[in-house]
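This is query_17.cif (mmCIF, C-alpha atoms).
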```
data_model
#
loop_
_atom_site.label_atom_id
_atom_site.label_comp_id
_atom_site.auth_asym_id
_atom_site.auth_seq_id
_atom_site.Cartn_x
_atom_site.Cartn_y
_atom_site.Cartn_z
CA MET A 1 0.00 0.00 0.00
CA ILE A 2 1.29 3.45 -0.88
CA THR A 3 0.05 6.88 0.14
CA VAL A 4 1.41 10.25 -1.01
CA ARG A 5 1.24 13.67 0.61
CA ASP A 6 2.34 16.78 -1.28
CA ASP A 7 2.97 19.06 1.71
CA ARG A 8 3.62 18.91 5.46
CA ASP A 9 2.07 20.94 8.19
CA GLU A 10 2.63 24.68 8.06
CA GLU A 11 5.18 24.72 10.89
CA GLN A 12 7.36 22.07 9.22
CA SER A 13 7.13 23.72 5.81
CA SER A 14 8.20 27.09 7.20
CA ARG A 15 11.44 25.54 8.47
CA LEU A 16 12.40 24.11 5.09
CA HIS A 17 14.95 26.16 3.13
CA SER A 18 14.24 24.13 0.00
CA SER A 19 11.66 21.60 -1.15
CA SER A 20 11.95 18.10 0.24
CA PHE A 21 11.37 14.56 -1.02
CA ARG A 22 10.94 11.70 1.42
CA VAL A 23 10.12 8.00 1.10
CA VAL A 24 9.22 5.98 4.21
CA SER A 25 9.00 2.21 3.82
CA THR A 26 7.49 -0.04 6.49
CA SER A 27 7.84 -3.82 6.21
CA GLU A 28 8.55 -6.90 8.31
CA SER A 29 12.22 -5.90 8.11
CA GLY A 30 11.56 -2.60 9.88
CA VAL A 31 11.35 1.01 8.75
CA ASP A 32 13.57 2.53 6.05
CA VAL A 33 13.63 6.24 5.32
CA PHE A 34 15.09 8.11 2.37
CA GLU A 35 15.06 11.89 2.40
CA GLY A 36 16.71 14.47 0.21
CA ALA A 37 16.27 17.91 -1.29
CA PHE A 38 13.72 17.77 -4.10
CA GLU A 39 16.02 19.57 -6.55
CA LYS A 40 18.85 17.11 -5.85
CA VAL A 41 16.68 14.09 -6.65
CA PHE A 42 14.73 15.56 -9.57
CA HIS A 43 15.37 17.99 -12.40
CA VAL A 44 12.66 20.45 -11.39
CA LYS A 45 11.95 21.65 -14.94
CA THR A 46 12.23 18.57 -17.17
CA PHE A 47 12.37 15.65 -14.67
CA GLU A 48 14.84 13.91 -16.95
CA ALA A 49 15.81 10.39 -15.87
CA ALA A 50 19.56 11.04 -15.88
CA LYS A 51 19.28 13.51 -12.98
CA THR A 52 17.39 11.09 -10.74
CA ARG A 53 19.59 8.14 -11.69
CA ALA A 54 22.74 10.09 -10.87
CA ALA A 55 21.31 11.13 -7.49
CA PHE A 56 21.03 7.49 -6.42
CA GLU A 57 24.20 6.23 -8.09
CA GLN A 58 26.21 8.91 -6.31
CA GLY A 59 24.36 8.52 -3.03
CA ALA A 60 24.61 5.90 -0.30
CA SER A 61 24.08 2.32 -1.47
CA HIS A 62 21.56 1.63 1.30
CA ASP A 63 19.27 4.32 -0.18
CA ARG A 64 19.03 2.85 -3.67
CA TRP A 65 15.81 0.99 -2.92
CA ALA A 66 14.07 4.38 -3.07
CA ALA A 67 15.09 4.75 -6.75
CA TYR A 68 12.10 2.59 -7.72
CA VAL A 69 9.76 5.14 -6.15
CA ALA A 70 11.62 8.28 -7.22
CA GLY A 71 12.16 6.93 -10.74
CA THR A 72 8.47 6.25 -11.22
CA ILE A 73 7.55 9.75 -10.05
CA SER A 74 10.24 11.27 -12.25
CA GLU A 75 9.10 9.44 -15.39
CA LEU A 76 5.43 10.24 -14.79
CA PHE A 77 6.21 13.91 -14.19
CA ARG A 78 8.55 14.02 -17.21
CA ALA A 79 5.82 12.69 -19.50
CA ILE A 80 3.29 15.23 -18.26
CA VAL A 81 5.48 18.37 -18.22
CA SER A 82 6.74 17.57 -21.73
CA ASP A 83 3.16 17.26 -23.04
CA ASP A 84 2.28 20.60 -24.66
CA ASP A 85 -1.42 19.74 -24.96
CA ALA A 86 -3.52 22.57 -23.51
CA ALA A 87 -5.32 20.11 -21.22
CA MET A 88 -2.05 19.40 -19.41
CA VAL A 89 -0.91 22.98 -18.73
CA ALA A 90 -2.37 23.31 -15.22
CA LEU A 91 -1.11 19.89 -14.15
CA GLY A 92 2.36 20.63 -15.52
CA ARG A 93 2.44 23.89 -13.57
CA TRP A 94 1.51 22.09 -10.32
CA ILE A 95 4.28 19.54 -10.88
CA ARG A 96 6.91 22.23 -11.39
CA GLU A 97 5.69 24.07 -8.30
CA LEU A 98 6.53 21.01 -6.18
CA GLY A 99 10.14 22.16 -6.43
CA ALA A 100 9.30 25.52 -4.83
CA ARG A 101 10.81 26.46 -1.48
CA GLY A 102 9.00 25.05 1.53
CA ARG A 103 7.08 22.34 -0.34
CA ALA A 104 7.41 18.67 0.52
CA LEU A 105 6.49 15.44 -1.24
CA ASP A 106 6.21 12.46 1.12
CA VAL A 107 5.63 8.86 -0.02
CA PHE A 108 4.67 6.18 2.51
CA VAL A 109 5.13 2.54 1.51
CA SER A 110 3.75 -0.41 3.46
CA SER A 111 4.49 -3.96 2.28
CA ASP A 112 4.61 -7.52 3.58
CA VAL A 113 6.92 -8.66 0.74
CA PRO A 114 10.52 -9.23 1.95
CA ARG A 115 13.08 -7.15 0.06
CA GLY A 116 14.78 -9.08 -2.73
CA LYS A 117 11.91 -11.56 -2.98
CA GLY A 118 8.50 -11.76 -4.56
CA VAL A 119 7.29 -12.12 -8.15
CA ALA A 120 7.51 -8.79 -10.01
CA SER A 121 7.81 -7.01 -6.66
CA SER A 122 9.73 -4.07 -8.13
CA ALA A 123 7.08 -3.60 -10.83
CA ALA A 124 4.36 -3.79 -8.17
CA LEU A 125 6.10 -1.03 -6.19
CA GLU A 126 6.41 1.13 -9.30
CA VAL A 127 2.80 0.66 -10.37
CA ALA A 128 1.54 1.31 -6.83
CA THR A 129 3.61 4.52 -6.73
CA ALA A 130 2.24 5.69 -10.08
CA ARG A 131 -1.34 4.97 -9.01
CA ALA A 132 -0.80 6.83 -5.73
CA MET A 133 0.48 9.90 -7.60
CA VAL A 134 -2.55 9.84 -9.88
CA ASP A 135 -4.80 9.55 -6.81
CA LEU A 136 -3.05 12.58 -5.28
CA MET A 137 -3.67 14.64 -8.40
CA LEU A 138 -7.34 13.69 -8.50
CA ARG A 139 -7.89 13.99 -4.74
CA ASN A 140 -6.57 17.54 -4.75
CA SER A 141 -8.61 18.41 -7.86
CA ILE A 142 -5.45 19.29 -9.76
CA VAL A 143 -6.85 17.60 -12.84
CA ALA A 144 -10.39 16.54 -13.79
CA ARG A 145 -11.27 12.84 -13.86
CA ASP A 146 -12.80 13.22 -17.32
CA ASN A 147 -9.73 14.93 -18.82
CA ALA A 148 -9.17 12.76 -21.90
CA ARG A 149 -5.51 13.63 -22.21
CA PHE A 150 -4.90 12.74 -18.55
CA ILE A 151 -6.76 9.46 -19.02
CA ALA A 152 -4.42 8.69 -21.93
CA HIS A 153 -1.41 9.30 -19.67
CA CYS A 154 -2.93 6.98 -17.05
CA ALA A 155 -3.12 4.21 -19.62
CA MET A 156 0.61 4.74 -20.20
CA LEU A 157 1.56 4.23 -16.54
CA PRO A 158 3.01 0.71 -17.13
CA LEU A 159 5.39 2.17 -19.74
CA TYR A 160 6.41 5.02 -17.44
CA CYS A 161 7.12 2.45 -14.71
CA HIS A 162 9.13 0.34 -17.16
CA SER A 163 11.12 3.40 -18.19
CA ALA A 164 11.84 4.15 -14.52
CA GLU A 165 13.28 0.67 -13.97
CA ASN A 166 15.38 0.86 -17.14
CA ASN A 167 16.56 4.45 -17.03
CA VAL A 168 16.66 5.31 -13.33
CA VAL A 169 17.14 2.04 -11.43
CA GLY A 170 19.35 0.68 -14.22
CA ALA A 171 17.66 -2.72 -14.57
CA PRO A 172 17.47 -3.80 -18.25
CA CYS A 173 14.12 -5.54 -17.84
CA GLY A 174 11.22 -5.83 -20.26
CA PHE A 175 7.79 -4.35 -19.56
CA MET A 176 5.75 -7.53 -19.00
CA ASP A 177 5.80 -7.23 -15.19
CA GLN A 178 4.61 -3.63 -15.19
CA TYR A 179 1.76 -4.45 -17.57
CA ALA A 180 0.76 -7.49 -15.54
CA CYS A 181 0.72 -5.51 -12.29
CA PHE A 182 -1.29 -2.69 -13.82
CA TRP A 183 -3.79 -4.61 -15.95
CA GLY A 184 -3.81 -8.05 -14.31
CA GLN A 185 -7.01 -9.56 -12.91
CA PRO A 186 -7.44 -12.44 -10.43
CA GLY A 187 -7.93 -15.80 -12.12
CA ARG A 188 -7.00 -14.56 -15.59
CA PHE A 189 -3.90 -14.59 -17.78
CA LEU A 190 -2.78 -11.42 -19.53
CA ALA A 191 -2.00 -12.05 -23.19
CA LEU A 192 0.32 -9.17 -24.08
CA ASN A 193 1.59 -7.97 -27.46
CA CYS A 194 5.25 -7.16 -26.72
CA ASP A 195 5.73 -4.91 -29.76
CA LEU A 196 6.81 -1.70 -28.02
CA ALA A 197 5.78 0.39 -31.03
CA LYS A 198 2.18 -0.65 -30.33
CA THR A 199 2.31 -0.10 -26.58
CA SER A 200 4.10 3.25 -26.44
CA ALA A 201 1.72 5.40 -28.50
CA LEU A 202 -0.07 7.89 -26.25
CA ASP A 203 -3.02 8.12 -28.64
CA ARG A 204 -3.33 4.42 -29.47
CA ALA A 205 -6.89 3.26 -30.15
CA VAL A 206 -6.56 -0.33 -28.93
CA GLU A 207 -4.75 -1.69 -25.89
CA PRO A 208 -2.08 -4.28 -26.81
CA PHE A 209 -3.39 -7.01 -24.51
CA ARG A 210 -6.38 -9.20 -23.69
CA HIS A 211 -7.42 -11.22 -20.67
CA VAL A 212 -7.71 -14.99 -20.86
CA THR A 213 -9.64 -16.87 -18.18
CA LEU A 214 -7.75 -19.76 -16.58
CA PRO A 215 -9.13 -23.18 -17.58
CA HIS A 216 -11.38 -24.74 -14.95
CA GLY A 217 -9.43 -26.78 -12.44
CA LEU A 218 -6.05 -25.24 -13.27
CA ARG A 219 -4.09 -24.02 -10.26
CA ILE A 220 -0.80 -22.09 -10.26
CA TYR A 221 1.48 -22.02 -7.24
CA ALA A 222 4.51 -19.87 -6.45
CA ILE A 223 7.11 -21.45 -4.17
CA ASP A 224 9.64 -19.36 -2.25
CA SER A 225 13.12 -20.55 -3.23
CA GLY A 226 14.67 -18.62 -0.36
CA VAL A 227 17.10 -16.96 -2.77
CA ARG A 228 17.25 -13.18 -2.77
CA HIS A 229 17.54 -11.53 -6.17
CA SER A 230 18.18 -8.21 -7.87
CA ASN A 231 17.52 -6.96 -11.40
CA SER A 232 19.76 -3.90 -11.19
CA GLY A 233 22.52 -3.07 -13.63
CA GLY A 234 25.30 -5.15 -12.02
CA SER A 235 23.22 -8.24 -11.23
CA ASP A 236 23.45 -11.71 -12.78
CA TYR A 237 20.09 -11.00 -14.40
CA ALA A 238 21.54 -8.00 -16.25
CA HIS A 239 24.54 -10.02 -17.45
CA VAL A 240 22.39 -12.92 -18.67
CA ARG A 241 19.97 -10.58 -20.43
CA CYS A 242 22.84 -8.77 -22.12
CA GLY A 243 24.32 -12.10 -23.25
CA THR A 244 20.92 -13.23 -24.53
CA PHE A 245 20.51 -10.18 -26.76
CA MET A 246 24.09 -10.46 -27.98
CA GLY A 247 23.32 -14.05 -29.00
CA ARG A 248 20.08 -12.93 -30.61
CA LYS A 249 21.90 -10.33 -32.68
CA MET A 250 24.50 -12.90 -33.77
CA LEU A 251 21.76 -15.37 -34.72
CA PHE A 252 19.88 -12.85 -36.84
CA ASN A 253 23.11 -11.76 -38.55
CA GLU A 254 23.87 -15.40 -39.39
CA ILE A 255 20.36 -15.99 -40.76
CA GLU A 256 20.63 -12.89 -42.95
CA ALA A 257 24.05 -13.94 -44.22
CA ARG A 258 22.85 -17.45 -45.15
CA LEU A 259 19.66 -16.24 -46.80
CA GLY A 260 21.40 -13.39 -48.59
CA GLY A 261 18.98 -10.82 -47.18
CA ARG A 262 15.98 -12.47 -48.80
CA PHE A 263 12.43 -12.28 -47.43
CA GLY A 264 13.21 -9.22 -45.31
CA VAL A 265 14.24 -11.42 -42.40
CA ARG A 266 15.57 -8.53 -40.35
CA THR A 267 12.38 -6.53 -40.83
CA GLN A 268 10.16 -9.48 -39.94
CA LEU A 269 12.02 -10.78 -36.92
CA MET A 270 13.94 -8.05 -35.18
CA TRP A 271 12.20 -6.02 -32.56
CA HIS A 272 13.52 -2.49 -32.37
CA HIS A 273 13.40 -1.02 -28.89
CA ARG A 274 13.22 2.77 -28.74
CA ARG A 275 14.96 3.04 -25.39
CA GLY A 276 18.12 1.38 -26.62
CA TRP A 277 18.24 -1.61 -24.27
CA MET A 278 17.62 -4.04 -27.14
CA GLY A 279 19.73 -3.74 -30.27
#
```
Render the structure in this file as structure tokens.
Amino acid sequence: MITVRDDRDEEQSSRLHSSSFRVVSTSESGVDVFEGAFEKVFHVKTFEAAKTRAAFEQGASHDRWAAYVAGTISELFRAIVSDDDAAMVALGRWIRELGARGRALDVFVSSDVPRGKGVASSAALEVATARAMVDLMLRNSIVARDNARFIAHCAMLPLYCHSAENNVVGAPCGFMDQYACFWGQPGRFLALNCDLAKTSALDRAVEPFRHVTLPHGLRIYAIDSGVRHSNSGGSDYAHVRCGTFMGRKMLFNEIEARLGGRFGVRTQLMWHHRRGWMG
């Protein structure tokens, strides 16, 4: 569960010399707190990913868990402030004002999933953060619920969360987990079209997925292996994924060479990823 507050009481705010960003996480492991100046964690005008990523890479290693939360907020804000649609002007102004002196953005996370465990736990944290930010905007009447452009951005939340994990956390993962956490329903599979060109269009007419009901009598169980894991840039996962795509590139090159470029093999088979993680 995640809740977000965009200011503190008047007495606290008056003591702040700059805006503040804080993440408080409560779990069975205890309480973890990350706090920093808003302008040191985020680029207050563009919310570019590089600024937020550098803040955590250069900071203390024990604070890097908060990059999942900060990265999601950064990518959501970046998408909105860069949208020049007239319907987004007021919301973009509110986002930029969060960096004003004396303001504070607090995020409270409560979870019973042990750190380093769980299925798609990082994606779940990102999606919960994005939903909490949307709830904050609606609860404070910063944007109307029937704002079509805002609704389109909400449908893009899984991609913003995926971008946060790639470009801020530094984990070269795909976007299946974020989509599953956002669109998943109990007792149903999520059949997802993994063509990023079809999932990343803000004005797309059709969602690139469908729900499939589990066959009657089928049960799926998840068993805790007891092994902690990490998807970040220096993890085994990152190395294996990198090796997999290197092998994929070599395989496609070999197929093209043997077929002499016939049948447009490269066009038909290779999936071009806009973010640059997949070559």
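Among the candidate residues A:Phe209, A:Phe182, A:Phe150, A:Phe189, the one lying nearest to Ile80 (chain A) is A:Phe150, with distances computed using only C-alpha atoms.
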Problem set entry | One-decimal distance in Å that lies between CA of Leu136 (chain A) and CA of His211 (chain A) |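 CA of Leu136 (chain A) lies at a distance of 28.7 Å from CA of His211 (chain A).
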Exercise. From the set A:Ile73, A:Glu35, A:Arg188, A:Leu251, which residue has the shortest atom-to-atom contact distance to Ile220 (chain A), counting all atoms listed in the file?
Worked result: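 Distance minimum relative to Ile220 (chain A) lands on A:Arg188.
CA of Arg131 (chain A) to CA of Lys40 (chain A) spans 23.8 Å [interatomic distance, one decimal].
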Could I get the residues of region 115-158 of chain A with an atom no further than 10 Å from an atom of region 93-103 of chain A, each paired with its nearest atom pair and that distance in Å to one decimal, using all atoms listed in the file, sorted by chain and residue number, as CSV?
```
residue,atom,partner,partner_atom,distance
A:Met137,CA,A:Trp94,CA,9.3
A:Ile142,CA,A:Trp94,CA,7.5
A:Val143,CA,A:Trp94,CA,9.8
```
Exercise. Can you list, as a PyMOL selection string, every protein, DNA or RNA residue that comes within 12 Å of region 64-68 of chain A when you count all atoms listed in the file, leaving out same-chain residues fewer than 6 positions away?
Worked result: chain A and resi 21-25+32-36+41-42+49-58+74-75+107-109+115-116+121-130+160-171+230-232
For this session: In Å, rounded to a single decimal, give me how far CA of Arg149 (chain A) is from CA of Ala70 (chain A).
Result: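 Taking CA of Ala70 (chain A) as the start and CA of Arg149 (chain A) as the end point, the length is 23.4 Å.
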Exercise. For Ile2 (chain A), which residue out of A:Thr72, A:Ala132, A:Asp84, A:Ala104 is the nearest one, using all atoms listed in the file?
Worked result: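 Smallest distance to Ile2 (chain A) is found for A:Ala132.
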Problem set entry | Minimum-distance residue to Met88 (chain A), chosen among A:Val212, A:Val4, A:Val119, A:Ala148 (using all atoms listed in the file) |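 Among A:Val212, A:Val4, A:Val119, A:Ala148, it is A:Ala148 that comes nearest to Met88 (chain A).
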Problem set entry | Polymer residues at most 7 Å from (9.0, 20.5, -14.5) by all atoms listed in the file, as a PyMOL selection string | chain A and resi 44-47+81+92+95-96
Step by step, gather every atom of region 250-260 of chain A that the file lists, find the box along x, y and z that holds them, add 8 Å on each side, and finally give centre and edge lengths in Å to one decimal, as lines of an AutoDock Vina configuration file.
```
center_x = 22.1
center_y = -14.6
center_z = -41.2
size_x = 20.8
size_y = 21.7
size_z = 30.8
```
Within 12 Å of Leu218 (chain A), counting all atoms listed in the file, which residues qualify if same-chain residues fewer than 3 places away don't, as a compact mmCIF listing (two decimals) with C-alpha atoms, keeping the file's coordinate frame?
```txt
# COMPACT_ATOMS: atom_id res chain seq x y z
CA GLY A 187 -7.93 -15.80 -12.12
CA ARG A 188 -7.00 -14.56 -15.59
CA PHE A 189 -3.90 -14.59 -17.78
CA THR A 213 -9.64 -16.87 -18.18
CA LEU A 214 -7.75 -19.76 -16.58
CA PRO A 215 -9.13 -23.18 -17.58
CA TYR A 221 1.48 -22.02 -7.24
```
Exercise. For Gly174 (chain A), which residue among A:Ala120, A:Leu259, A:Arg139, A:Ile223 is the nearest when counting all atoms listed in the file?
Worked result: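 Ranked by minimum distance to Gly174 (chain A), first place goes to A:Ala120.
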